[in-house]
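Only one structure is covered here, and it is reproduced in the block below.
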Amino acid sequence: MPRPIQARIDLSALECNLQVVRRASSARIMAVIKADAYGHGLLRAAEALNEAEGFALLDIRDAICLRDAGFSQTILLLEGFFTPDDLPLVAEYDLACVIHNQQQIDMLDAYPSRGSLEVWFKVGSGMNRLGFAPDKVSAALERLKAHPAVRDITLMTHFAHADESTGVAAQLDVFNELAAPYRMPRSLANSAALLRYPATHADWVRPGIMLYGASPFVEISAQQLGLQPVMTLQSRIIAVQELRAGETIGYGGLFRAEAPMRVGVVACGYADGYPRHAPTGTPVLIDGQRTRTLGRISMDMLTVDLSALSAADVGSSVTLWGEGLPVEQVAHVAGTISYELLCALTARVPIVAN
């Protein structure tokens, strides 16, 4: 029998979450499916999100995979191309590219087809990661507009604080001032901005984490936003230990029992993608009832508190996150974000999609 861990992917939840985007904005949707669709599977996610007008990802091999599978939408390479050698494939597969630095513009002379490249020009409005600094925007844009390889240009930026109280106002002002002289499509909103700041919707929105059923906000749950969890990580209890008062469990003996108690051992560990740094008290569900992890997470196992769950035993079902236990709650207690947990799912975990 296989080890009893699996990740269940609910494709209907992906479709539902896409409709939440549709209800929130009339803009075209660039569904972000980078990092193997945040761990959910590139092709299965693209199929469920097929009504989106575009897909955004990083790896040109993933883009080619989508084209070979028959997807005709706009496919955007979020970091663009890296060498002139990439450009023949960009042309062959009709890929859109983010241009975020001067070196990429210099490389465009190697593009094999005149007047056919779709460019998304990234404005650095304050995140200071990728994008042209405000004083470089005008000259770079004029050069792109005149380049014989370029067909269309969309202006874009990315917000650093859309999910926080700082908000987007400062960056939005910078972007709007720089974009004002140009009659070009625009794309600004990630999941948080899409849900919170309608003024950022423009022509294209770029939802990511919300498509997978997780809230981009600390203070608002996915359920409150009408989102459904797509990935549910499940396993089972494979052993039960009876601890006496004063006994410890796991590496380092980080948890010590204050009284006699039952402890369940679950077939899930950091080699499956569960965070090793998750502390005692990280929530889990046992047969649908909430309890907590105990002690240090091991490579293949973790331990849970069965003190109040007298019916739990070997074979009891365990939900690590997903249906009934939002991934963002687990991430918050573990001191990380839902993005990391979803993307960290490892290849050894079987995936069941329905």
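Residues in the structure tokens are named by chain (A, B, ... in the order shown) and by number from 1 within that chain; ligands are numbered from 1 in the order shown.
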- Message: Need the shell around Asp85 (chain A): protein/DNA/RNA residues with any atom at most 12 Å away, counting only C-alpha atoms. Skip same-chain ones fewer than 5 positions apart. Format as a list in words?
- Response: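 Final neighbour list, sorted by chain and number: Ile60, Val90, Ala91, Gln104, Met107, Leu108, Asp109, Ala110, Tyr111 and Pro112 of chain A.
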- Message: Using DSSP secondary structure from the backbone, list all strand (DSSP E) positions within region 271-302 of chain A, as a ChimeraX atom specification.
- Response: /A:283-286,289-294,302
- Note on the structure: Judged by only C-alpha atoms, the minimum distance to Pro350 (chain A) among A:Gly126, A:Asp36, A:Gln234, A:Ile337 is found for A:Gln234
- Spatial neighbours of Val123 (chain A), 9 Å, only C-alpha atoms, chain gap at least 3 places, as a list in words: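 The residues that qualify are His100, Gly126, Leu130, Gly131, Phe132, Ala133, Pro134, Val137, Leu155, Met156, Thr157, His158, Phe175, Leu178 and Ala179 of chain A.
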Give me the region 172-260 of chain A side of the contact with region 287-294 of chain A, cut-off 9 Å, one line per residue showing its nearest atom pair and distance in Å at one decimal, counting only C-alpha atoms, sorted by chain and residue number, as a Markdown table.
```
| residue | atom | partner | partner_atom | distance |
| --- | --- | --- | --- | --- |
| A:Ile249 | CA | A:Leu294 | CA | 7.9 |
| A:Gly250 | CA | A:Leu294 | CA | 8.6 |
| A:Leu254 | CA | A:Leu294 | CA | 8.3 |
| A:Phe255 | CA | A:Leu294 | CA | 6.2 |
```
Restrict the selected residues to C-alpha atoms and save them as a short mmCIF file (atom, residue, chain, number, x, y, z; two decimals), in the first residue's frame.
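Dumped to part.cif:
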```
data_model
loop_
_atom_site.label_atom_id
_atom_site.label_comp_id
_atom_site.auth_asym_id
_atom_site.auth_seq_id
_atom_site.Cartn_x
_atom_site.Cartn_y
_atom_site.Cartn_z
CA ILE A 249 8.77 13.65 21.94
CA GLY A 250 10.72 14.09 18.72
CA LEU A 254 11.12 20.32 22.23
CA PHE A 255 7.74 19.27 23.59
#
```
- Task: State, in Å with one decimal place, the distance from CA of Leu14 (chain A) to CA of Ala214 (chain A).
- Result: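 Computed distance, CA of Leu14 (chain A) to CA of Ala214 (chain A), equals 11.0 Å.
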- For Ala331 (chain A), please output as a ChimeraX atom specification all residues within 10 Å (counting only C-alpha atoms; exclusion window: fewer than 4 positions along the same chain). /A:275,278,282-283,321,326-327,335-342
Please produce an output containing C-alpha atoms for each residue in the selection, written as a tab-separated table (two decimals), in the first residue's frame.
```
chain	number	residue	atom	x	y	z
A	275	PRO	CA	7.33	23.57	7.08
A	278	ALA	CA	6.15	25.11	12.25
A	282	THR	CA	0.25	24.74	14.49
A	283	PRO	CA	-3.35	23.69	13.72
A	321	TRP	CA	-4.37	22.40	5.25
A	326	PRO	CA	-7.38	27.43	5.53
A	327	VAL	CA	-3.76	27.27	4.40
A	335	GLY	CA	5.53	32.23	10.57
A	336	THR	CA	5.31	32.12	6.78
A	337	ILE	CA	2.79	32.77	4.00
A	338	SER	CA	0.37	30.53	2.16
A	339	TYR	CA	2.29	31.01	-1.11
A	340	GLU	CA	5.31	29.24	0.36
A	341	LEU	CA	3.34	26.30	1.72
A	342	LEU	CA	1.51	25.66	-1.55
```
- With distances taken over only C-alpha atoms, which of A:Leu233, A:Leu89, A:Ile5, A:Val119 is nearest to Glu323 (chain A)?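 Counting only C-alpha atoms, the residue closest to Glu323 (chain A) is A:Leu233.
Here CA of Asp313 (chain A) and CA of Val240 (chain A) stand 6.6 Å from one another.
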- Closest of A:Met231, A:Ile64, A:Ala31, A:Val168 to Ala353 (chain A) - atom-to-atom distances counting only C-alpha atoms: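 Checking each candidate against Ala353 (chain A), we get A:Met231 as the closest.
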Closest atom pairs, region 10-83 of chain A residues within 12 Å of region 197-203 of chain A, only C-alpha atoms, as JSON lines:
```
{"residue": "A:Val21", "atom": "CA", "partner": "A:His201", "partner_atom": "CA", "distance": 10.8}
{"residue": "A:Arg22", "atom": "CA", "partner": "A:His201", "partner_atom": "CA", "distance": 11.5}
{"residue": "A:Arg23", "atom": "CA", "partner": "A:Pro198", "partner_atom": "CA", "distance": 11.8}
{"residue": "A:Ala24", "atom": "CA", "partner": "A:Pro198", "partner_atom": "CA", "distance": 8.3}
{"residue": "A:Ser25", "atom": "CA", "partner": "A:His201", "partner_atom": "CA", "distance": 6.8}
{"residue": "A:Ser26", "atom": "CA", "partner": "A:His201", "partner_atom": "CA", "distance": 8.1}
{"residue": "A:Ala27", "atom": "CA", "partner": "A:Asp203", "partner_atom": "CA", "distance": 5.0}
{"residue": "A:Arg28", "atom": "CA", "partner": "A:Asp203", "partner_atom": "CA", "distance": 6.1}
{"residue": "A:Ile29", "atom": "CA", "partner": "A:Asp203", "partner_atom": "CA", "distance": 8.7}
{"residue": "A:Met30", "atom": "CA", "partner": "A:Asp203", "partner_atom": "CA", "distance": 10.2}
{"residue": "A:Glu53", "atom": "CA", "partner": "A:Asp203", "partner_atom": "CA", "distance": 11.4}
```
File dump, residues just selected, N, CA, C and O atoms, as a compact mmCIF listing (two decimals), in the first residue's frame:
```txt
# COMPACT_ATOMS: atom_id res chain seq x y z
N VAL A 21 -12.97 36.56 -9.39
CA VAL A 21 -12.23 37.61 -10.09
C VAL A 21 -13.15 38.32 -11.08
O VAL A 21 -13.18 39.56 -11.15
N ARG A 22 -13.91 37.55 -11.85
CA ARG A 22 -14.82 38.14 -12.84
C ARG A 22 -15.82 39.09 -12.19
O ARG A 22 -16.12 40.16 -12.73
N ARG A 23 -16.33 38.69 -11.04
CA ARG A 23 -17.31 39.55 -10.37
C ARG A 23 -16.67 40.81 -9.80
O ARG A 23 -17.32 41.85 -9.68
N ALA A 24 -15.39 40.71 -9.46
CA ALA A 24 -14.71 41.86 -8.85
C ALA A 24 -14.24 42.87 -9.87
O ALA A 24 -14.06 44.05 -9.55
N SER A 25 -14.01 42.42 -11.12
CA SER A 25 -13.43 43.32 -12.11
C SER A 25 -13.88 42.96 -13.51
O SER A 25 -14.04 41.78 -13.84
N SER A 26 -14.04 43.98 -14.34
CA SER A 26 -14.39 43.76 -15.74
C SER A 26 -13.16 43.72 -16.63
O SER A 26 -13.27 43.56 -17.85
N ALA A 27 -11.98 43.85 -16.04
CA ALA A 27 -10.74 43.82 -16.82
C ALA A 27 -10.46 42.40 -17.32
O ALA A 27 -10.99 41.42 -16.80
N ARG A 28 -9.59 42.32 -18.33
CA ARG A 28 -9.13 41.03 -18.78
C ARG A 28 -8.26 40.39 -17.69
O ARG A 28 -7.59 41.09 -16.92
N ILE A 29 -8.29 39.07 -17.63
CA ILE A 29 -7.62 38.34 -16.54
C ILE A 29 -6.35 37.68 -17.06
O ILE A 29 -6.39 36.86 -17.99
N MET A 30 -5.24 38.03 -16.45
CA MET A 30 -3.96 37.35 -16.67
C MET A 30 -3.74 36.43 -15.46
O MET A 30 -3.26 36.87 -14.42
N GLU A 53 -8.17 35.28 -20.03
CA GLU A 53 -7.65 35.78 -21.31
C GLU A 53 -6.15 35.60 -21.46
O GLU A 53 -5.61 35.71 -22.57
```
- Item | Long-range neighbours of Pro260 (chain A) as a list in words, 9 Å cut-off, only C-alpha atoms, 4 positions minimum in chain |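 Counting only C-alpha atoms, the residues come to Glu242, Leu243, Arg244, Ala245, Gly246, Glu247 and Ser307 of chain A.
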Expected file contents, prior selection, all heavy atoms, as a PDB file, in the first residue's frame:
```pdb
ATOM      1  N   GLU A 242       1.693   6.820  23.989  1.00  0.00           N
ATOM      2  CA  GLU A 242       1.187   7.247  25.301  1.00  0.00           C
ATOM      3  C   GLU A 242       2.350   7.856  26.075  1.00  0.00           C
ATOM      4  O   GLU A 242       3.313   7.167  26.416  1.00  0.00           O
ATOM      5  CB  GLU A 242       0.600   6.065  26.078  1.00  0.00           C
ATOM      6  CG  GLU A 242      -0.510   5.319  25.351  1.00  0.00           C
ATOM      7  CD  GLU A 242      -1.866   6.000  25.501  1.00  0.00           C
ATOM      8  OE1 GLU A 242      -1.957   6.956  26.294  1.00  0.00           O
ATOM      9  OE2 GLU A 242      -2.821   5.572  24.813  1.00  0.00           O
ATOM     10  N   LEU A 243       2.301   9.154  26.326  1.00  0.00           N
ATOM     11  CA  LEU A 243       3.363   9.818  27.062  1.00  0.00           C
ATOM     12  C   LEU A 243       3.004   9.939  28.533  1.00  0.00           C
ATOM     13  O   LEU A 243       1.861  10.213  28.887  1.00  0.00           O
ATOM     14  CB  LEU A 243       3.612  11.226  26.501  1.00  0.00           C
ATOM     15  CG  LEU A 243       4.120  11.369  25.069  1.00  0.00           C
ATOM     16  CD1 LEU A 243       4.519  12.823  24.814  1.00  0.00           C
ATOM     17  CD2 LEU A 243       5.264  10.437  24.771  1.00  0.00           C
ATOM     18  N   ARG A 244       4.012   9.728  29.374  1.00  0.00           N
ATOM     19  CA  ARG A 244       3.861  10.013  30.794  1.00  0.00           C
ATOM     20  C   ARG A 244       4.249  11.458  31.056  1.00  0.00           C
ATOM     21  O   ARG A 244       4.962  12.079  30.264  1.00  0.00           O
ATOM     22  CB  ARG A 244       4.732   9.072  31.628  1.00  0.00           C
ATOM     23  CG  ARG A 244       4.363   7.598  31.493  1.00  0.00           C
ATOM     24  CD  ARG A 244       5.152   6.767  32.504  1.00  0.00           C
ATOM     25  NE  ARG A 244       6.579   6.796  32.202  1.00  0.00           N
ATOM     26  CZ  ARG A 244       7.221   5.881  31.496  1.00  0.00           C
ATOM     27  NH1 ARG A 244       6.553   4.853  30.982  1.00  0.00           N
ATOM     28  NH2 ARG A 244       8.519   5.969  31.287  1.00  0.00           N
ATOM     29  N   ALA A 245       3.800  12.006  32.152  1.00  0.00           N
ATOM     30  CA  ALA A 245       4.164  13.373  32.523  1.00  0.00           C
ATOM     31  C   ALA A 245       5.678  13.500  32.568  1.00  0.00           C
ATOM     32  O   ALA A 245       6.370  12.648  33.141  1.00  0.00           O
ATOM     33  CB  ALA A 245       3.560  13.738  33.872  1.00  0.00           C
ATOM     34  N   GLY A 246       6.190  14.544  31.927  1.00  0.00           N
ATOM     35  CA  GLY A 246       7.627  14.787  31.913  1.00  0.00           C
ATOM     36  C   GLY A 246       8.347  14.212  30.717  1.00  0.00           C
ATOM     37  O   GLY A 246       9.490  14.585  30.460  1.00  0.00           O
ATOM     38  N   GLU A 247       7.717  13.308  29.958  1.00  0.00           N
ATOM     39  CA  GLU A 247       8.369  12.744  28.777  1.00  0.00           C
ATOM     40  C   GLU A 247       8.318  13.730  27.607  1.00  0.00           C
ATOM     41  O   GLU A 247       7.400  14.547  27.495  1.00  0.00           O
ATOM     42  CB  GLU A 247       7.710  11.422  28.379  1.00  0.00           C
ATOM     43  CG  GLU A 247       8.030  10.286  29.322  1.00  0.00           C
ATOM     44  CD  GLU A 247       7.569   8.937  28.784  1.00  0.00           C
ATOM     45  OE1 GLU A 247       6.435   8.869  28.277  1.00  0.00           O
ATOM     46  OE2 GLU A 247       8.343   7.965  28.881  1.00  0.00           O
ATOM     47  N   SER A 307      -5.055  14.517  22.977  1.00  0.00           N
ATOM     48  CA  SER A 307      -5.571  14.521  24.357  1.00  0.00           C
ATOM     49  C   SER A 307      -7.086  14.640  24.422  1.00  0.00           C
ATOM     50  O   SER A 307      -7.740  14.003  25.258  1.00  0.00           O
ATOM     51  CB  SER A 307      -4.936  15.682  25.147  1.00  0.00           C
ATOM     52  OG  SER A 307      -3.542  15.541  25.209  1.00  0.00           O
TER      53      SER A 307
END
```
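Using only C-alpha atoms, the nearest neighbour of Tyr212 (chain A) within the list A:Ser235, A:Ser125, A:Ser116, A:Asn17 is A:Asn17.
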- Query: So what do you get for CA of Ile237 (chain A) versus CA of Val265 (chain A), distance-wise?
  - Reply: 5.5 Å
- Note on the structure: Between A:Arg129, A:Arg143, A:Arg151, A:Lys122, smallest distance to Leu188 (chain A) by only C-alpha atoms belongs to A:Lys122
